[in-house]
Amino acid sequence: MSSHPKVGERLASIKHVVLVLSGKGGVGKSSCTVQLALSLVNQGHRVGVLDIDLCGPSIPRMLGVESHQIHQASSGWVPVYADPDKRLSCMSIAFLLPSRDSSVVWRGPKKNAMIKLFLSDVYWGELDYLLIDTPPGTSDEHLAVVEYLQEWNPDGAVIITTPQAVALADVKKEINFCEKVGLPILGLVENMSGFVCPHCTECTNVFSTGGGEGLAKHMDISFLGRAPIDPNLVMLLEQEDKTLVPNVNEPKENEDAREKTASIVETYQRCELSKIFSVIAKHLEETLDEKATAS
Amino acid sequence: MAETVAAVAAVSPEQQQQQKQTPSASAFVGDRVPDNANEHCPGPESESAGKADGCAGCPNQEICASQAANAGPDPDIAVITERLSGVKHKILVLSGKGGVGKSTFTSQLAFALATDEDREVGVVDVDVCGPSIPTIMGCAREEVHASGGGWSPVFVRDNLGVMSIGFMLPDDDSAVIWRGPKKNGMIKQFLRDVDWGNGNSGGGDSPNLDYLIFDTPPGTSDEHLSVVQLLSGAGITGAVIVTTPQEVSLMDVRKEIDFCRKAKVPIIGVVENMSGFVCPGCHGQSKIFYPTTGGAKKMCTDLGIPLLGSIPLDPSIGRACDFGSSFLDTCAPESPAAKAYLDVIANIRKIIE
């Protein structure tokens, strides 16, 4: 007898469930989740993003759907779509807050209940990928999501880190957490690995470099790729209108003449980082296909 | 065969047996969550003990419900108040957003305050899942010892003591996979059982600390609620809130400010970290974390909170943290980041002293 049958019903129409974890805060879990989602959609897939960071939900702002509201249909809560073709959907507590400045000051049990609700009651429909963005740490939210998903065998976790030692220390703990709860690790991404000065093109390793790749090798984890800091990506995730192509080096007077696209999926393709994440997304797809063939 | 989630989160009887003089996180019995409690136990000392949804069916439900009804305020709060009565200034370093530099700022603030050898400074690392303070302050391999007076903090300078769960883990890679009640219990022990005076407090239990600085994890959850509740008797001087310039950070920081206002924690001010970058090659200035909505300056103006200062990105700050040294001791004195740090620290002292 399953302990969470409703979760199973929702997951039945979802091909792959991937958690995005770190352990360390501020390494770019949400921004990497969004980039992975945009890359997978660009490659023709239907992707859902579930934001279980209840205290600091960033996904709706990054996808440009912050002001949207969620609706309840007979089939469940309808997720919010970020693109006109409805291939990229998301769900977050941000849609439920009375105002964007309201804090969610909850202890563990209430957070667990919210996560269970998200997994049981959201009508995702047919998805190729459900990406789950998590808060930093190894606590209630992480235990809850693994517990509710466990019997339906989630595909695994992608780990995000920045290169420096302080981040790697927390990430090692997250890897230890995955091992303890039996969550396969699909790979590791080293984010914010170097910044190329736009004035002289010299690359400065603001948060050091190479640490993530070193850790992946040391712990025998697939190294998915290294992403440098790109202020245009930061701009894209920040700006409200996601159809404007960002260019931080453009003088302010030319802002109105900025190129427009049809959706955030296209705009992202104009960012340099989309090339790197396209490779990461393909690598993830191959890893998951191999696992499916092997089992 | 993978352990189940429940087994991972529980403390085995063998681990409890291993309790020694040296406090060990795995032998912790602080919040006394009974072994036979339901998985989502809110904690027998919680306000919802016996009444939460998670209590249904638990063998202890009746006991907890009756205890909660008859219970007065937590007696440990009085003990903590007494223990910390000699501390002049208690500062929380908060953010809401992860990775903005809370631990970095906490450590640099502590190092800077401790340069005056007549000042006594303590740092409590309340981030149970990701304790960075031992690495950043250069004491990662140290252990905590228990004596008659309580737990001894690790001293990185004669006048600078540090307490963190990082000192109690069996190895660096072990994850601390605890639900709220266990984290709360650990924090309570940090506040109640640490002897900051290290036996030098002139015979009394309360040490004469000038500053006790709390580094917190991101979010607005168990750890933050616990620290505020447990310090309700001792009082909090104020919170320093750290952010980076972009809206994604400010969104979470506004929630943290909302939390402070709800919990009646005074706000000393906001520090904007990673504010701009100066290329070491060509000295050209760039904005990496673009302040699309006006940065911390606009947020502070809108919310009527002091902006304590803006600290630029400097790769040597990250390097100093990785090697556990004080950035201000090792950097070039003309570095803009050093000047910014000193300005922010001076502003904090001006407000609270």
# chains A, B, ... in the order shown; residues from 1 in each chain; ligands from 1
>>> closest_atom_pairs(of="chain B", to="chain A", cutoff="7 Å", atoms="only C-alpha atoms", output="JSON lines")
{"residue": "B:Ala2", "atom": "CA", "partner": "A:Gly182", "partner_atom": "CA", "distance": 4.8}
{"residue": "B:Glu3", "atom": "CA", "partner": "A:Val181", "partner_atom": "CA", "distance": 5.8}
{"residue": "B:Thr4", "atom": "CA", "partner": "A:Val181", "partner_atom": "CA", "distance": 6.1}
{"residue": "B:Val5", "atom": "CA", "partner": "A:Val181", "partner_atom": "CA", "distance": 5.7}
{"residue": "B:Val8", "atom": "CA", "partner": "A:Lys180", "partner_atom": "CA", "distance": 6.8}
{"residue": "B:His40", "atom": "CA", "partner": "A:Pro109", "partner_atom": "CA", "distance": 5.9}
{"residue": "B:Pro42", "atom": "CA", "partner": "A:Pro109", "partner_atom": "CA", "distance": 6.6}
{"residue": "B:Gly96", "atom": "CA", "partner": "A:Gly56", "partner_atom": "CA", "distance": 6.8}
{"residue": "B:Lys97", "atom": "CA", "partner": "A:Gly56", "partner_atom": "CA", "distance": 6.7}
{"residue": "B:Gly98", "atom": "CA", "partner": "A:Gly25", "partner_atom": "CA", "distance": 3.9}
{"residue": "B:Gly99", "atom": "CA", "partner": "A:Gly26", "partner_atom": "CA", "distance": 3.6}
{"residue": "B:Val100", "atom": "CA", "partner": "A:Gly26", "partner_atom": "CA", "distance": 6.5}
{"residue": "B:Cys129", "atom": "CA", "partner": "A:Gly137", "partner_atom": "CA", "distance": 5.3}
{"residue": "B:Gly130", "atom": "CA", "partner": "A:Asp170", "partner_atom": "CA", "distance": 5.4}
{"residue": "B:Ser132", "atom": "CA", "partner": "A:Val166", "partner_atom": "CA", "distance": 6.3}
{"residue": "B:Thr135", "atom": "CA", "partner": "A:Val166", "partner_atom": "CA", "distance": 6.9}
{"residue": "B:Asp173", "atom": "CA", "partner": "A:Lys173", "partner_atom": "CA", "distance": 4.9}
{"residue": "B:Ser174", "atom": "CA", "partner": "A:Lys173", "partner_atom": "CA", "distance": 5.5}
{"residue": "B:Ala175", "atom": "CA", "partner": "A:Lys173", "partner_atom": "CA", "distance": 4.3}
{"residue": "B:Val176", "atom": "CA", "partner": "A:Thr138", "partner_atom": "CA", "distance": 6.7}
{"residue": "B:Ile177", "atom": "CA", "partner": "A:Thr138", "partner_atom": "CA", "distance": 5.3}
{"residue": "B:Trp178", "atom": "CA", "partner": "A:Ser139", "partner_atom": "CA", "distance": 5.5}
{"residue": "B:Arg179", "atom": "CA", "partner": "A:Asp140", "partner_atom": "CA", "distance": 5.1}
{"residue": "B:Gly180", "atom": "CA", "partner": "A:Gly108", "partner_atom": "CA", "distance": 5.5}
{"residue": "B:Gly219", "atom": "CA", "partner": "A:Cys55", "partner_atom": "CA", "distance": 5.2}
{"residue": "B:Thr220", "atom": "CA", "partner": "A:Val105", "partner_atom": "CA", "distance": 5.2}
{"residue": "B:Ser221", "atom": "CA", "partner": "A:Val105", "partner_atom": "CA", "distance": 5.3}
{"residue": "B:Asp222", "atom": "CA", "partner": "A:Arg107", "partner_atom": "CA", "distance": 5.1}
{"residue": "B:Glu247", "atom": "CA", "partner": "A:Glu238", "partner_atom": "CA", "distance": 6.3}
{"residue": "B:Val248", "atom": "CA", "partner": "A:Ser58", "partner_atom": "CA", "distance": 6.4}
{"residue": "B:Met251", "atom": "CA", "partner": "A:Asp101", "partner_atom": "CA", "distance": 6.8}
{"residue": "B:Asp252", "atom": "CA", "partner": "A:Gly56", "partner_atom": "CA", "distance": 5.3}
{"residue": "B:Arg254", "atom": "CA", "partner": "A:Asp101", "partner_atom": "CA", "distance": 5.4}
{"residue": "B:Lys255", "atom": "CA", "partner": "A:Ser103", "partner_atom": "CA", "distance": 4.4}
{"residue": "B:Glu256", "atom": "CA", "partner": "A:Ser103", "partner_atom": "CA", "distance": 6.6}
{"residue": "B:Asp258", "atom": "CA", "partner": "A:Ser103", "partner_atom": "CA", "distance": 6.0}
{"residue": "B:Phe259", "atom": "CA", "partner": "A:Ser103", "partner_atom": "CA", "distance": 6.0}
{"residue": "B:Cys279", "atom": "CA", "partner": "A:Cys197", "partner_atom": "CA", "distance": 6.6}
{"residue": "B:Gly281", "atom": "CA", "partner": "A:Glu202", "partner_atom": "CA", "distance": 7.0}
{"residue": "B:Cys282", "atom": "CA", "partner": "A:Cys200", "partner_atom": "CA", "distance": 6.5}
{"residue": "B:Gly284", "atom": "CA", "partner": "A:His199", "partner_atom": "CA", "distance": 6.3}
{"residue": "B:Ile288", "atom": "CA", "partner": "A:Pro231", "partner_atom": "CA", "distance": 5.1}
{"residue": "B:Phe289", "atom": "CA", "partner": "A:Val234", "partner_atom": "CA", "distance": 6.5}
{"residue": "B:Tyr290", "atom": "CA", "partner": "A:Met235", "partner_atom": "CA", "distance": 6.6}
{"residue": "B:Thr292", "atom": "CA", "partner": "A:Glu238", "partner_atom": "CA", "distance": 6.7}
{"residue": "B:Asp314", "atom": "CA", "partner": "A:Val206", "partner_atom": "CA", "distance": 6.9}
{"residue": "B:Pro315", "atom": "CA", "partner": "A:Val206", "partner_atom": "CA", "distance": 4.5}
{"residue": "B:Gly318", "atom": "CA", "partner": "A:Phe207", "partner_atom": "CA", "distance": 6.1}
{"residue": "B:Asp322", "atom": "CA", "partner": "A:Ala165", "partner_atom": "CA", "distance": 5.4}
>>> write_last_selection(atoms="N, CA and C atoms", output="short mmCIF file (atom, residue, chain, number, x, y, z; two decimals), in the first residue's frame")
data_model
loop_
_atom_site.label_atom_id
_atom_site.label_comp_id
_atom_site.auth_asym_id
_atom_site.auth_seq_id
_atom_site.Cartn_x
_atom_site.Cartn_y
_atom_site.Cartn_z
N ALA B 2 19.65 1.36 0.18
CA ALA B 2 19.70 2.71 0.74
C ALA B 2 18.89 2.78 2.04
N GLU B 3 19.42 3.57 2.98
CA GLU B 3 18.65 3.75 4.23
C GLU B 3 17.40 4.54 3.91
N THR B 4 16.34 4.30 4.67
CA THR B 4 15.16 5.11 4.44
C THR B 4 15.38 6.51 5.02
N VAL B 5 14.56 7.41 4.57
CA VAL B 5 14.69 8.79 5.03
C VAL B 5 14.52 8.85 6.53
N VAL B 8 17.59 7.84 8.41
CA VAL B 8 18.66 8.83 8.29
C VAL B 8 18.45 9.94 9.29
N HIS B 40 6.95 13.59 12.08
CA HIS B 40 6.88 15.05 11.93
C HIS B 40 6.60 15.70 13.27
N PRO B 42 6.54 18.05 16.16
CA PRO B 42 6.95 19.45 16.25
C PRO B 42 7.88 19.71 17.41
N GLY B 96 18.30 36.18 4.59
CA GLY B 96 17.13 35.73 3.83
C GLY B 96 17.66 35.03 2.59
N LYS B 97 18.53 35.67 1.86
CA LYS B 97 19.15 35.12 0.66
C LYS B 97 20.44 34.38 1.03
N GLY B 98 20.67 33.26 0.32
CA GLY B 98 21.91 32.53 0.56
C GLY B 98 23.04 33.10 -0.28
N GLY B 99 24.26 32.90 0.19
CA GLY B 99 25.43 33.21 -0.62
C GLY B 99 25.72 34.68 -0.83
N VAL B 100 25.17 35.57 0.01
CA VAL B 100 25.44 37.00 -0.16
C VAL B 100 26.65 37.45 0.63
N CYS B 129 23.30 23.29 9.13
CA CYS B 129 23.50 22.45 7.94
C CYS B 129 24.78 22.81 7.18
N GLY B 130 25.10 24.08 7.14
CA GLY B 130 26.26 24.51 6.36
C GLY B 130 27.17 25.42 7.16
N SER B 132 29.98 27.39 7.95
CA SER B 132 31.17 27.87 7.24
C SER B 132 32.17 28.56 8.15
N THR B 135 35.85 27.18 8.87
CA THR B 135 36.76 27.30 7.72
C THR B 135 37.20 28.74 7.54
N ASP B 173 32.78 15.76 5.84
CA ASP B 173 31.81 15.50 4.78
C ASP B 173 30.45 15.05 5.30
N SER B 174 30.34 14.86 6.64
CA SER B 174 29.06 14.35 7.16
C SER B 174 27.99 15.41 7.04
N ALA B 175 26.86 15.00 6.47
CA ALA B 175 25.73 15.93 6.40
C ALA B 175 25.02 15.94 7.75
N VAL B 176 24.54 17.10 8.16
CA VAL B 176 23.71 17.20 9.36
C VAL B 176 22.28 17.24 8.86
N ILE B 177 21.62 16.09 8.90
CA ILE B 177 20.29 15.99 8.29
C ILE B 177 19.28 16.00 9.42
N TRP B 178 19.01 17.16 9.95
CA TRP B 178 18.13 17.28 11.09
C TRP B 178 16.88 18.07 10.75
N ARG B 179 15.76 17.62 11.34
CA ARG B 179 14.55 18.43 11.24
C ARG B 179 14.63 19.55 12.29
N GLY B 180 13.63 20.42 12.26
CA GLY B 180 13.62 21.61 13.11
C GLY B 180 13.90 21.39 14.59
N GLY B 219 17.20 32.22 4.93
CA GLY B 219 15.80 31.84 5.17
C GLY B 219 15.19 32.54 6.37
N THR B 220 13.97 32.13 6.68
CA THR B 220 13.26 32.68 7.85
C THR B 220 12.55 31.50 8.50
N SER B 221 13.34 30.65 9.15
CA SER B 221 12.74 29.39 9.59
C SER B 221 13.12 29.03 11.02
N ASP B 222 13.21 27.74 11.29
CA ASP B 222 13.44 27.27 12.66
C ASP B 222 14.58 27.98 13.37
N GLU B 247 17.83 42.30 -7.67
CA GLU B 247 16.47 42.18 -7.15
C GLU B 247 16.22 40.79 -6.58
N VAL B 248 16.82 39.75 -7.19
CA VAL B 248 16.63 38.38 -6.69
C VAL B 248 17.04 38.28 -5.22
N MET B 251 14.59 40.72 -2.95
CA MET B 251 13.27 40.10 -2.71
C MET B 251 13.30 39.30 -1.41
N ASP B 252 14.34 38.50 -1.26
CA ASP B 252 14.44 37.67 -0.05
C ASP B 252 14.78 38.53 1.17
N ARG B 254 13.88 41.63 1.71
CA ARG B 254 12.67 42.34 2.20
C ARG B 254 11.86 41.40 3.09
N LYS B 255 11.84 40.12 2.75
CA LYS B 255 11.13 39.15 3.59
C LYS B 255 11.81 39.05 4.96
N GLU B 256 13.13 39.08 4.95
CA GLU B 256 13.86 39.00 6.22
C GLU B 256 13.58 40.23 7.07
N ASP B 258 10.84 41.92 6.94
CA ASP B 258 9.48 41.69 7.41
C ASP B 258 9.50 40.80 8.64
N PHE B 259 10.33 39.74 8.60
CA PHE B 259 10.49 38.85 9.75
C PHE B 259 10.98 39.63 10.97
N CYS B 279 38.38 45.42 -12.24
CA CYS B 279 39.26 44.45 -12.88
C CYS B 279 40.71 44.69 -12.43
N GLY B 281 43.26 43.77 -13.84
CA GLY B 281 44.13 44.01 -14.99
C GLY B 281 44.06 45.45 -15.46
N CYS B 282 42.85 45.87 -15.89
CA CYS B 282 42.74 47.19 -16.51
C CYS B 282 42.08 48.22 -15.59
N GLY B 284 39.14 48.59 -15.03
CA GLY B 284 37.82 48.99 -15.50
C GLY B 284 36.76 48.53 -14.51
N ILE B 288 28.57 43.24 -11.86
CA ILE B 288 28.27 41.83 -12.13
C ILE B 288 26.84 41.53 -11.69
N PHE B 289 26.51 41.91 -10.47
CA PHE B 289 25.16 41.69 -9.93
C PHE B 289 24.41 43.01 -10.05
N TYR B 290 23.84 43.21 -11.22
CA TYR B 290 23.28 44.50 -11.59
C TYR B 290 22.14 44.94 -10.67
N THR B 292 19.20 46.17 -10.72
CA THR B 292 18.14 46.55 -11.66
C THR B 292 17.02 47.35 -11.00
N ASP B 314 35.96 41.51 -4.49
CA ASP B 314 37.42 41.47 -4.55
C ASP B 314 37.82 40.00 -4.39
N PRO B 315 38.46 39.41 -5.42
CA PRO B 315 38.79 37.99 -5.33
C PRO B 315 39.60 37.62 -4.09
N GLY B 318 37.45 36.21 -1.09
CA GLY B 318 37.13 34.79 -1.19
C GLY B 318 38.33 33.92 -0.84
N ASP B 322 38.76 31.14 2.16
CA ASP B 322 39.12 29.75 1.91
C ASP B 322 40.31 29.33 2.76
#
>>> residues_around(residues="stretch 258-267 of chain A", least_positions_apart="5", cutoff="9 Å", atoms="only C-alpha atoms", output="number ranges by chain")
A: 38-39, 41-42, 63-64, 82-84, 88, 236, 241-247
>>> select_by_dssp(residues="stretch 56-134 of chain A", states="strand (DSSP E)", output="list in words")
His71, Gln72, Ala73, Gly76, Trp77, Val78, Val80, Tyr81, Leu88, Ser89, Cys90, Met91, Ser92, Leu127, Asp128, Tyr129, Leu130, Leu131, Ile132 and Asp133 of chain A
>>> residues_around(residues="stretch 156-162 of chain B", least_positions_apart="2", cutoff="10 Å", atoms="only C-alpha atoms", output="MDAnalysis selection string")
chainID B and resid 107 110:111 113:125 133:134 137:139 142 144 152:154 164 167 196:198 209 211:213
>>> write_last_selection(atoms="N, CA, C and O atoms", output="CSV table (one decimal), in the first residue's frame")
chain,number,residue,atom,x,y,z
B,107,SER,N,32.7,37.1,10.0
B,107,SER,CA,34.0,36.8,10.4
B,107,SER,C,34.9,38.0,10.3
B,107,SER,O,35.7,38.3,11.2
B,110,ALA,N,34.1,40.3,13.1
B,110,ALA,CA,34.7,39.8,14.4
B,110,ALA,C,36.2,40.0,14.4
B,110,ALA,O,36.7,40.5,15.4
B,111,PHE,N,36.9,39.7,13.3
B,111,PHE,CA,38.3,40.0,13.3
B,111,PHE,C,38.6,41.4,13.6
B,111,PHE,O,39.5,41.8,14.3
B,113,LEU,N,36.8,43.8,15.1
B,113,LEU,CA,36.5,44.2,16.4
B,113,LEU,C,37.5,43.7,17.4
B,113,LEU,O,37.9,44.3,18.4
B,114,ALA,N,38.1,42.5,17.1
B,114,ALA,CA,39.0,41.9,18.0
B,114,ALA,C,40.4,42.5,17.9
B,114,ALA,O,41.3,42.1,18.6
B,115,THR,N,40.7,43.4,16.9
B,115,THR,CA,42.0,44.0,16.8
B,115,THR,C,42.3,44.8,18.0
B,115,THR,O,43.5,45.0,18.4
B,116,ASP,N,41.3,45.3,18.7
B,116,ASP,CA,41.5,46.0,20.0
B,116,ASP,C,41.5,44.9,21.0
B,116,ASP,O,40.5,44.3,21.4
B,117,GLU,N,42.7,44.7,21.6
B,117,GLU,CA,42.9,43.5,22.5
B,117,GLU,C,42.2,43.6,23.8
B,117,GLU,O,42.0,42.7,24.5
B,118,ASP,N,41.7,44.8,24.1
B,118,ASP,CA,40.9,45.0,25.3
B,118,ASP,C,39.4,44.6,25.2
B,118,ASP,O,38.7,44.5,26.1
B,119,ARG,N,39.1,44.3,23.9
B,119,ARG,CA,37.7,43.9,23.6
B,119,ARG,C,37.5,42.4,23.5
B,119,ARG,O,38.4,41.8,22.9
B,120,GLU,N,36.5,41.9,24.1
B,120,GLU,CA,36.2,40.4,24.1
B,120,GLU,C,35.1,40.2,23.0
B,120,GLU,O,34.0,40.8,23.1
B,121,VAL,N,35.4,39.3,22.1
B,121,VAL,CA,34.4,39.1,21.0
B,121,VAL,C,34.1,37.6,20.9
B,121,VAL,O,35.0,36.7,21.0
B,122,GLY,N,32.8,37.3,20.7
B,122,GLY,CA,32.4,35.9,20.5
B,122,GLY,C,31.6,35.7,19.2
B,122,GLY,O,30.9,36.7,18.8
B,123,VAL,N,31.7,34.6,18.5
B,123,VAL,CA,30.9,34.3,17.3
B,123,VAL,C,30.2,33.0,17.5
B,123,VAL,O,30.8,32.0,17.8
B,124,VAL,N,28.9,33.0,17.3
B,124,VAL,CA,28.1,31.8,17.3
B,124,VAL,C,27.6,31.5,15.9
B,124,VAL,O,26.9,32.3,15.3
B,125,ASP,N,27.9,30.3,15.4
B,125,ASP,CA,27.5,29.9,14.0
B,125,ASP,C,26.3,29.1,14.2
B,125,ASP,O,26.3,27.9,14.6
B,133,ILE,N,31.7,29.0,9.3
B,133,ILE,CA,32.6,29.9,10.2
B,133,ILE,C,33.9,29.2,10.5
B,133,ILE,O,34.9,29.9,10.5
B,134,PRO,N,33.9,27.9,10.9
B,134,PRO,CA,35.3,27.4,11.3
B,134,PRO,C,36.3,27.5,10.1
B,134,PRO,O,37.4,27.8,10.3
B,137,MET,N,37.3,31.2,9.6
B,137,MET,CA,38.1,31.8,10.6
B,137,MET,C,39.3,31.0,11.0
B,137,MET,O,40.0,31.2,12.0
B,138,GLY,N,39.6,30.0,10.1
B,138,GLY,CA,40.9,29.3,10.3
B,138,GLY,C,41.0,28.3,11.4
B,138,GLY,O,42.1,28.1,11.9
B,139,CYS,N,39.8,27.8,11.8
B,139,CYS,CA,39.9,26.8,13.0
B,139,CYS,C,39.1,25.6,12.7
B,139,CYS,O,38.5,25.0,13.6
B,142,GLU,N,39.5,22.2,14.8
B,142,GLU,CA,39.5,22.3,16.2
B,142,GLU,C,38.3,21.5,16.8
B,142,GLU,O,37.3,21.2,16.1
B,144,VAL,N,35.5,21.1,20.3
B,144,VAL,CA,35.0,21.7,21.5
B,144,VAL,C,35.2,20.8,22.7
B,144,VAL,O,35.0,19.6,22.6
B,152,SER,N,33.6,24.8,26.1
B,152,SER,CA,34.6,25.9,25.8
B,152,SER,C,34.6,26.2,24.4
B,152,SER,O,34.7,25.3,23.5
B,153,PRO,N,34.4,27.5,24.0
B,153,PRO,CA,34.5,27.8,22.6
B,153,PRO,C,35.9,27.7,22.1
B,153,PRO,O,36.9,27.5,22.9
B,154,VAL,N,36.1,27.7,20.8
B,154,VAL,CA,37.4,27.6,20.2
B,154,VAL,C,38.0,29.1,20.1
B,154,VAL,O,37.3,29.9,19.5
B,164,SER,N,30.6,26.6,16.9
B,164,SER,CA,29.9,26.1,15.7
B,164,SER,C,29.7,24.6,15.8
B,164,SER,O,30.5,23.9,16.3
B,167,PHE,N,32.6,22.1,14.7
B,167,PHE,CA,33.6,21.5,15.5
B,167,PHE,C,33.2,20.1,16.1
B,167,PHE,O,34.0,19.5,16.7
B,196,TRP,N,31.7,31.4,27.6
B,196,TRP,CA,32.5,32.4,26.9
B,196,TRP,C,33.6,32.9,27.7
B,196,TRP,O,34.6,33.4,27.2
B,197,GLY,N,33.4,32.9,29.0
B,197,GLY,CA,34.5,33.5,29.9
B,197,GLY,C,35.7,32.5,30.0
B,197,GLY,O,36.7,32.9,30.3
B,198,ASN,N,35.4,31.2,29.6
B,198,ASN,CA,36.5,30.2,29.6
B,198,ASN,C,37.2,30.2,31.0
B,198,ASN,O,38.4,30.0,31.1
B,209,LEU,N,31.6,39.8,27.8
B,209,LEU,CA,31.9,39.9,26.3
B,209,LEU,C,31.4,41.2,25.8
B,209,LEU,O,30.3,41.7,26.2
B,211,TYR,N,31.1,41.9,22.5
B,211,TYR,CA,30.2,41.6,21.3
B,211,TYR,C,30.0,40.1,21.2
B,211,TYR,O,31.0,39.3,21.3
B,212,LEU,N,28.8,39.7,20.9
B,212,LEU,CA,28.5,38.3,20.6
B,212,LEU,C,27.7,38.4,19.3
B,212,LEU,O,26.7,39.0,19.2
B,213,ILE,N,28.4,37.8,18.2
B,213,ILE,CA,27.8,38.0,16.9
B,213,ILE,C,27.3,36.6,16.4
B,213,ILE,O,28.0,35.6,16.6
>>> residues_around(residues="stretch 114-122 of chain A", least_positions_apart="3", cutoff="9 Å", atoms="only C-alpha atoms", output="list in words")
His4, Pro5, Lys6, Val7, Gly8, Glu9, Arg10, Leu11, Leu50, Ile52, Leu54, Gln72, Ser75, Gly76, Trp77, Val78, Pro79, Met91, Ser92, Ile93, Pro109, Lys110, Lys111, Gly125, Glu141, Ala144, Val145, Tyr148 and Leu149 of chain A
>>> select_by_dssp(residues="stretch 55-262 of chain A", states="alpha helix (DSSP H)", output="VMD selection string")
chain A and resid 59 to 63 108 to 121 140 to 149 165 to 181 211 to 218 231 to 238
>>> atom_distance(atom1="atom CA of A:Arg46", atom2="atom CA of A:Trp152")
19.9 Å
>>> residues_around(residues="A:Tyr129", least_positions_apart="4", cutoff="12 Å", atoms="only C-alpha atoms", output="PyMOL selection string")
chain A and resi 11-19+33+36-41+44-50+87-90+124-125+154-156+281+284-285+288
>>> atom_distance(atom1="atom CA of B:Cys64", atom2="atom CA of B:Ala49")
5.4 Å
>>> closest_residue(among="A:Leu224, A:Val20, A:Ala94, A:Met219", to="A:Leu131", atoms="only C-alpha atoms")
A:Val20
>>> closest_residue(among="B:Gly185, B:Gly101, B:Pro245, B:Pro336", to="B:Val126", atoms="only C-alpha atoms")
B:Gly185
>>> atom_distance(atom1="atom CA of B:Asp195", atom2="atom CA of B:Pro217")
23.1 Å
>>> decode(residues="stretch 209-220 of chain A", atoms="N, CA, C and O atoms", output="short mmCIF file (atom, residue, chain, number, x, y, z; two decimals), in the first residue's frame")
data_model
loop_
_atom_site.label_atom_id
_atom_site.label_comp_id
_atom_site.auth_asym_id
_atom_site.auth_seq_id
_atom_site.Cartn_x
_atom_site.Cartn_y
_atom_site.Cartn_z
N THR A 209 38.57 28.99 -9.17
CA THR A 209 38.13 28.17 -10.31
C THR A 209 38.64 26.75 -10.14
O THR A 209 39.64 26.52 -9.47
N GLY A 210 37.95 25.83 -10.76
CA GLY A 210 38.43 24.45 -10.79
C GLY A 210 38.01 23.59 -9.61
O GLY A 210 38.10 22.37 -9.65
N GLY A 211 37.52 24.23 -8.53
CA GLY A 211 37.20 23.46 -7.33
C GLY A 211 36.10 22.44 -7.56
O GLY A 211 36.14 21.31 -7.06
N GLY A 212 35.09 22.84 -8.34
CA GLY A 212 33.96 21.95 -8.59
C GLY A 212 34.39 20.73 -9.40
O GLY A 212 34.01 19.60 -9.08
N GLU A 213 35.20 20.99 -10.44
CA GLU A 213 35.67 19.88 -11.27
C GLU A 213 36.53 18.93 -10.44
O GLU A 213 36.41 17.70 -10.54
N GLY A 214 37.37 19.52 -9.58
CA GLY A 214 38.22 18.70 -8.71
C GLY A 214 37.39 17.83 -7.78
O GLY A 214 37.67 16.64 -7.59
N LEU A 215 36.34 18.42 -7.22
CA LEU A 215 35.48 17.67 -6.30
C LEU A 215 34.78 16.54 -7.03
O LEU A 215 34.68 15.41 -6.53
N ALA A 216 34.28 16.83 -8.25
CA ALA A 216 33.56 15.81 -9.02
C ALA A 216 34.48 14.61 -9.28
O ALA A 216 34.09 13.45 -9.14
N LYS A 217 35.73 14.93 -9.64
CA LYS A 217 36.69 13.85 -9.93
C LYS A 217 36.95 13.04 -8.67
O LYS A 217 36.94 11.81 -8.67
N HIS A 218 37.16 13.77 -7.56
CA HIS A 218 37.51 13.14 -6.28
C HIS A 218 36.39 12.22 -5.80
O HIS A 218 36.62 11.16 -5.23
N MET A 219 35.12 12.64 -6.05
CA MET A 219 34.00 11.86 -5.54
C MET A 219 33.37 11.00 -6.61
O MET A 219 32.29 10.45 -6.41
N ASP A 220 34.05 10.90 -7.76
CA ASP A 220 33.59 10.03 -8.84
C ASP A 220 32.18 10.36 -9.31
O ASP A 220 31.30 9.50 -9.43
#
